[in-house]
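Everything below belongs to run_25.pdb, which stores PDB, C-alpha atoms.
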ATOM      1  CA  MET J   1      24.569 -58.546 -14.780  1.00  0.00           C
ATOM      2  CA  GLU J   2      26.108 -59.470 -11.474  1.00  0.00           C
ATOM      3  CA  ASP J   3      27.945 -56.101 -11.391  1.00  0.00           C
ATOM      4  CA  LEU J   4      24.607 -54.270 -11.836  1.00  0.00           C
ATOM      5  CA  LYS J   5      23.098 -56.048  -8.839  1.00  0.00           C
ATOM      6  CA  LYS J   6      26.125 -55.170  -6.709  1.00  0.00           C
ATOM      7  CA  SER J   7      25.914 -51.507  -7.715  1.00  0.00           C
ATOM      8  CA  LEU J   8      22.214 -51.344  -6.762  1.00  0.00           C
ATOM      9  CA  ARG J   9      22.844 -52.670  -3.258  1.00  0.00           C
ATOM     10  CA  MET J  10      22.556 -50.173  -0.452  1.00  0.00           C
ATOM     11  CA  PRO J  11      23.932 -51.674   2.736  1.00  0.00           C
ATOM     12  CA  LEU J  12      22.380 -49.083   5.057  1.00  0.00           C
ATOM     13  CA  PHE J  13      18.801 -49.548   3.891  1.00  0.00           C
ATOM     14  CA  GLY J  14      18.623 -53.137   2.794  1.00  0.00           C
ATOM     15  CA  ASN J  15      20.046 -55.486   0.248  1.00  0.00           C
ATOM     16  CA  THR J  16      18.718 -54.019  -2.993  1.00  0.00           C
ATOM     17  CA  PHE J  17      17.040 -50.893  -4.199  1.00  0.00           C
ATOM     18  CA  SER J  18      13.293 -51.541  -4.643  1.00  0.00           C
ATOM     19  CA  PRO J  19      10.991 -48.528  -4.517  1.00  0.00           C
ATOM     20  CA  LYS J  20       7.484 -49.056  -3.165  1.00  0.00           C
ATOM     21  CA  LYS J  21       4.614 -48.702  -5.544  1.00  0.00           C
ATOM     22  CA  THR J  22       2.471 -45.631  -5.019  1.00  0.00           C
ATOM     23  CA  PRO J  23      -1.182 -46.231  -4.134  1.00  0.00           C
ATOM     24  CA  PRO J  24      -3.755 -45.268  -6.777  1.00  0.00           C
ATOM     25  CA  ARG J  25      -5.211 -41.773  -6.437  1.00  0.00           C
ATOM     26  CA  LYS J  26      -8.636 -41.241  -5.001  1.00  0.00           C
ATOM     27  CA  SER J  27     -11.321 -39.584  -7.054  1.00  0.00           C
ATOM     28  CA  ALA J  28     -11.043 -35.768  -6.969  1.00  0.00           C
ATOM     29  CA  SER J  29     -14.621 -35.271  -5.815  1.00  0.00           C
ATOM     30  CA  LEU J  30     -17.497 -37.588  -5.223  1.00  0.00           C
ATOM     31  CA  SER J  31     -19.910 -34.688  -5.087  1.00  0.00           C
ATOM     32  CA  SER J  32     -21.937 -33.705  -8.120  1.00  0.00           C
ATOM     33  CA  LEU J  33     -22.281 -30.088  -6.931  1.00  0.00           C
ATOM     34  CA  HIS J  34     -19.610 -28.909  -9.323  1.00  0.00           C
ATOM     35  CA  THR J  35     -21.764 -29.988 -12.266  1.00  0.00           C
ATOM     36  CA  LEU J  36     -24.715 -27.809 -11.188  1.00  0.00           C
ATOM     37  CA  ASP J  37     -24.958 -24.224 -12.332  1.00  0.00           C
ATOM     38  CA  ARG J  38     -25.183 -21.393  -9.789  1.00  0.00           C
ATOM     39  CA  SER J  39     -28.964 -20.866  -9.898  1.00  0.00           C
ATOM     40  CA  THR J  40     -29.618 -24.598  -9.405  1.00  0.00           C
ATOM     41  CA  ARG J  41     -27.236 -24.718  -6.442  1.00  0.00           C
ATOM     42  CA  GLU J  42     -28.966 -21.705  -4.882  1.00  0.00           C
ATOM     43  CA  ILE J  43     -32.398 -23.317  -5.332  1.00  0.00           C
ATOM     44  CA  GLU J  44     -31.364 -26.805  -4.192  1.00  0.00           C
ATOM     45  CA  LEU J  45     -29.077 -25.906  -1.320  1.00  0.00           C
ATOM     46  CA  GLY J  46     -30.230 -22.394  -0.410  1.00  0.00           C
ATOM     47  CA  LEU J  47     -26.772 -20.949  -0.864  1.00  0.00           C
ATOM     48  CA  GLU J  48     -26.468 -17.190  -1.056  1.00  0.00           C
ATOM     49  CA  TYR J  49     -23.296 -15.865  -2.588  1.00  0.00           C
ATOM     50  CA  GLY J  50     -22.737 -12.477  -0.991  1.00  0.00           C
ATOM     51  CA  PRO J  51     -19.580 -10.548  -0.284  1.00  0.00           C
ATOM     52  CA  PRO J  52     -17.163 -12.314   2.082  1.00  0.00           C
ATOM     53  CA  THR J  53     -17.380 -11.342   5.750  1.00  0.00           C
ATOM     54  CA  MET J  54     -15.206 -12.067   8.769  1.00  0.00           C
ATOM     55  CA  ASN J  55     -15.233 -11.395  12.481  1.00  0.00           C
ATOM     56  CA  LEU J  56     -12.045  -9.996  14.025  1.00  0.00           C
ATOM     57  CA  GLY J  57     -12.075  -9.191  17.713  1.00  0.00           C
ATOM     58  CA  GLY J  58     -15.838  -8.719  17.795  1.00  0.00           C
ATOM     59  CA  GLN J  59     -15.815  -6.384  14.803  1.00  0.00           C
ATOM     60  CA  VAL J  60     -17.531  -7.636  11.640  1.00  0.00           C
ATOM     61  CA  LEU J  61     -15.780  -6.757   8.379  1.00  0.00           C
ATOM     62  CA  LYS J  62     -17.294  -7.050   4.898  1.00  0.00           C
ATOM     63  CA  PHE J  63     -15.343  -7.031   1.609  1.00  0.00           C
ATOM     64  CA  GLU J  64     -16.971  -4.608  -0.840  1.00  0.00           C
ATOM     65  CA  GLU J  65     -15.570  -2.932  -3.927  1.00  0.00           C
ATOM     66  CA  GLY J  66     -12.042  -4.108  -3.215  1.00  0.00           C
ATOM     67  CA  GLN J  67     -11.872  -2.902   0.410  1.00  0.00           C
ATOM     68  CA  TRP J  68     -12.757  -4.232   3.847  1.00  0.00           C
ATOM     69  CA  ILE J  69     -15.543  -2.186   5.446  1.00  0.00           C
ATOM     70  CA  THR J  70     -16.741  -2.498   9.045  1.00  0.00           C
ATOM     71  CA  GLU J  71     -20.356  -3.520   9.441  1.00  0.00           C
ATOM     72  CA  SER J  72     -20.697  -2.997  13.176  1.00  0.00           C
ATOM     73  CA  GLY J  73     -20.892   0.789  12.809  1.00  0.00           C
ATOM     74  CA  GLY J  74     -23.005   0.503   9.677  1.00  0.00           C
ATOM     75  CA  ASN J  75     -21.873   0.528   6.065  1.00  0.00           C
ATOM     76  CA  ALA J  76     -22.420   4.246   5.641  1.00  0.00           C
ATOM     77  CA  SER J  77     -20.170   5.127   8.578  1.00  0.00           C
ATOM     78  CA  GLY J  78     -17.414   2.826   7.277  1.00  0.00           C
ATOM     79  CA  ARG J  79     -17.597   4.416   3.861  1.00  0.00           C
ATOM     80  CA  GLU J  80     -17.786   7.848   5.448  1.00  0.00           C
ATOM     81  CA  LEU J  81     -14.686   7.036   7.495  1.00  0.00           C
ATOM     82  CA  GLN J  82     -12.797   5.994   4.359  1.00  0.00           C
ATOM     83  CA  ARG J  83     -13.919   9.161   2.548  1.00  0.00           C
ATOM     84  CA  LEU J  84     -12.761  11.272   5.498  1.00  0.00           C
ATOM     85  CA  LYS J  85      -9.401   9.503   5.586  1.00  0.00           C
ATOM     86  CA  LYS J  86      -8.919  10.166   1.882  1.00  0.00           C
ATOM     87  CA  ARG J  87      -9.900  13.838   2.381  1.00  0.00           C
ATOM     88  CA  ASN J  88      -7.502  14.061   5.324  1.00  0.00           C
ATOM     89  CA  VAL J  89      -4.635  12.829   3.136  1.00  0.00           C
ATOM     90  CA  GLN J  90      -5.526  15.404   0.473  1.00  0.00           C
ATOM     91  CA  LEU J  91      -5.606  18.214   3.037  1.00  0.00           C
ATOM     92  CA  GLU J  92      -2.266  17.132   4.509  1.00  0.00           C
ATOM     93  CA  GLU J  93      -0.707  17.218   1.026  1.00  0.00           C
ATOM     94  CA  GLU J  94      -2.205  20.664   0.402  1.00  0.00           C
ATOM     95  CA  ASN J  95      -0.940  21.844   3.806  1.00  0.00           C
ATOM     96  CA  ASN J  96       2.586  20.618   3.009  1.00  0.00           C
ATOM     97  CA  LEU J  97       2.491  22.451  -0.327  1.00  0.00           C
ATOM     98  CA  LEU J  98       1.355  25.672   1.357  1.00  0.00           C
ATOM     99  CA  LYS J  99       4.121  25.363   3.970  1.00  0.00           C
ATOM    100  CA  LEU J 100       6.638  25.008   1.162  1.00  0.00           C
ATOM    101  CA  LYS J 101       5.239  28.085  -0.599  1.00  0.00           C
ATOM    102  CA  ILE J 102       5.442  30.116   2.636  1.00  0.00           C
ATOM    103  CA  GLU J 103       9.055  29.048   3.078  1.00  0.00           C
ATOM    104  CA  VAL J 104       9.896  30.136  -0.472  1.00  0.00           C
ATOM    105  CA  LEU J 105       8.135  33.476   0.034  1.00  0.00           C
ATOM    106  CA  LEU J 106      10.010  34.085   3.301  1.00  0.00           C
ATOM    107  CA  ASP J 107      13.298  33.344   1.542  1.00  0.00           C
ATOM    108  CA  MET J 108      12.370  35.824  -1.203  1.00  0.00           C
ATOM    109  CA  LEU J 109      11.399  38.462   1.398  1.00  0.00           C
ATOM    110  CA  THR J 110      14.669  37.955   3.262  1.00  0.00           C
ATOM    111  CA  GLU J 111      16.632  38.330   0.045  1.00  0.00           C
ATOM    112  CA  THR J 112      14.871  41.557  -0.958  1.00  0.00           C
ATOM    113  CA  THR J 113      15.256  42.949   2.584  1.00  0.00           C
ATOM    114  CA  VAL J 114      18.996  42.287   2.517  1.00  0.00           C
ATOM    115  CA  GLU J 115      19.256  43.913  -0.911  1.00  0.00           C
ATOM    116  CA  SER J 116      17.303  46.926   0.353  1.00  0.00           C
ATOM    117  CA  HIS J 117      19.579  47.322   3.393  1.00  0.00           C
ATOM    118  CA  LEU J 118      22.639  47.049   1.179  1.00  0.00           C
ATOM    119  CA  MET J 119      21.281  49.701  -1.155  1.00  0.00           C
ATOM    120  CA  GLU J 120      20.486  52.029   1.790  1.00  0.00           C
ATOM    121  CA  LYS J 121      23.992  51.553   3.176  1.00  0.00           C
ATOM    122  CA  GLU J 122      25.506  52.208  -0.231  1.00  0.00           C
ATOM    123  CA  LEU J 123      23.393  55.363  -0.595  1.00  0.00           C
ATOM    124  CA  GLU J 124      24.529  56.625   2.837  1.00  0.00           C
ATOM    125  CA  ASP J 125      28.159  55.936   1.917  1.00  0.00           C
ATOM    126  CA  ILE J 126      27.752  57.916  -1.305  1.00  0.00           C
ATOM    127  CA  LYS J 127      26.153  60.816   0.618  1.00  0.00           C
ATOM    128  CA  THR J 128      28.987  60.935   3.159  1.00  0.00           C
ATOM    129  CA  ARG J 129      31.618  60.881   0.406  1.00  0.00           C
ATOM    130  CA  HIS J 130      29.825  63.663  -1.400  1.00  0.00           C
ATOM    131  CA  GLN J 131      29.667  65.782   1.782  1.00  0.00           C
ATOM    132  CA  ARG J 132      33.404  65.291   2.439  1.00  0.00           C
ATOM    133  CA  LYS J 133      34.270  66.471  -1.050  1.00  0.00           C
ATOM    134  CA  LYS J 134      32.429  69.753  -0.490  1.00  0.00           C
TER     135      LYS J 134
END

Hey, can you dump this file as structure tokens for me?
Amino acid sequence: MEDLKKSLRMPLFGNTFSPKKTPPRKSASLSSLHTLDRSTREIELGLEYGPPTMNLGGQVLKFEEGQWITESGGNASGRELQRLKKRNVQLEEENNLLKLKIEVLLDMLTETTVESHLMEKELEDIKTRHQRKK
């Protein structure tokens, strides 16, 4: 037993190891609001549960349908702006596709032009050979 006491001694922090008891926890909530249903809370306290809003740099934002929409310019203009941004992305993708198609067509035109020039040159060579044989 004496060996156990010696092993529990910590000379830097005191003679023996004795942890302090933790204080009892306080009650989670003293309010009875959590027991009331939503309609009762709205009637009793006048709470309105609308979409969350915030003010950033003087611009009011409202969270609707999974996206933040500015209220200062009106909801319709915010939605219109989002619709226009989406349309802009679609048009940019279409523009990139059309540029790619033009590039492919120019490559095809270049290839056929080269083939045509080669065929013309070959035809001229055949004509000159034929004239020399005569």

- Item | Between atom CA of Leu97 of chain J and atom CA of Ser116 of chain J - distance in Å to one decimal |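 That distance, rounded to one decimal, is 28.6 Å.
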
- Message: What's around Pro52 of chain J at 10 Å? Count only C-alpha atoms, leave out sequence neighbours fewer than 4 positions away in its own chain, and write the answer as a ChimeraX atom specification.
- Response: /J:61-64,68

Same residues, C-alpha atoms, saved as a PDB file, in the frame of the given file:
ATOM      1  CA  LEU J  61     -15.780  -6.757   8.379  1.00  0.00           C
ATOM      2  CA  LYS J  62     -17.294  -7.050   4.898  1.00  0.00           C
ATOM      3  CA  PHE J  63     -15.343  -7.031   1.609  1.00  0.00           C
ATOM      4  CA  GLU J  64     -16.971  -4.608  -0.840  1.00  0.00           C
ATOM      5  CA  TRP J  68     -12.757  -4.232   3.847  1.00  0.00           C
TER       6      TRP J  68
END

- For the atom pair atom CA of Arg87 of chain J and atom CA of Ile102 of chain J, what is the interatomic distance in Å to one decimal place?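 Spanning atom CA of Arg87 of chain J to atom CA of Ile102 of chain J is a straight-line distance of 22.4 Å.
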
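As for atom CA of Lys127 of chain J and atom CA of Val114 of chain J, they are spaced 20.0 Å apart.
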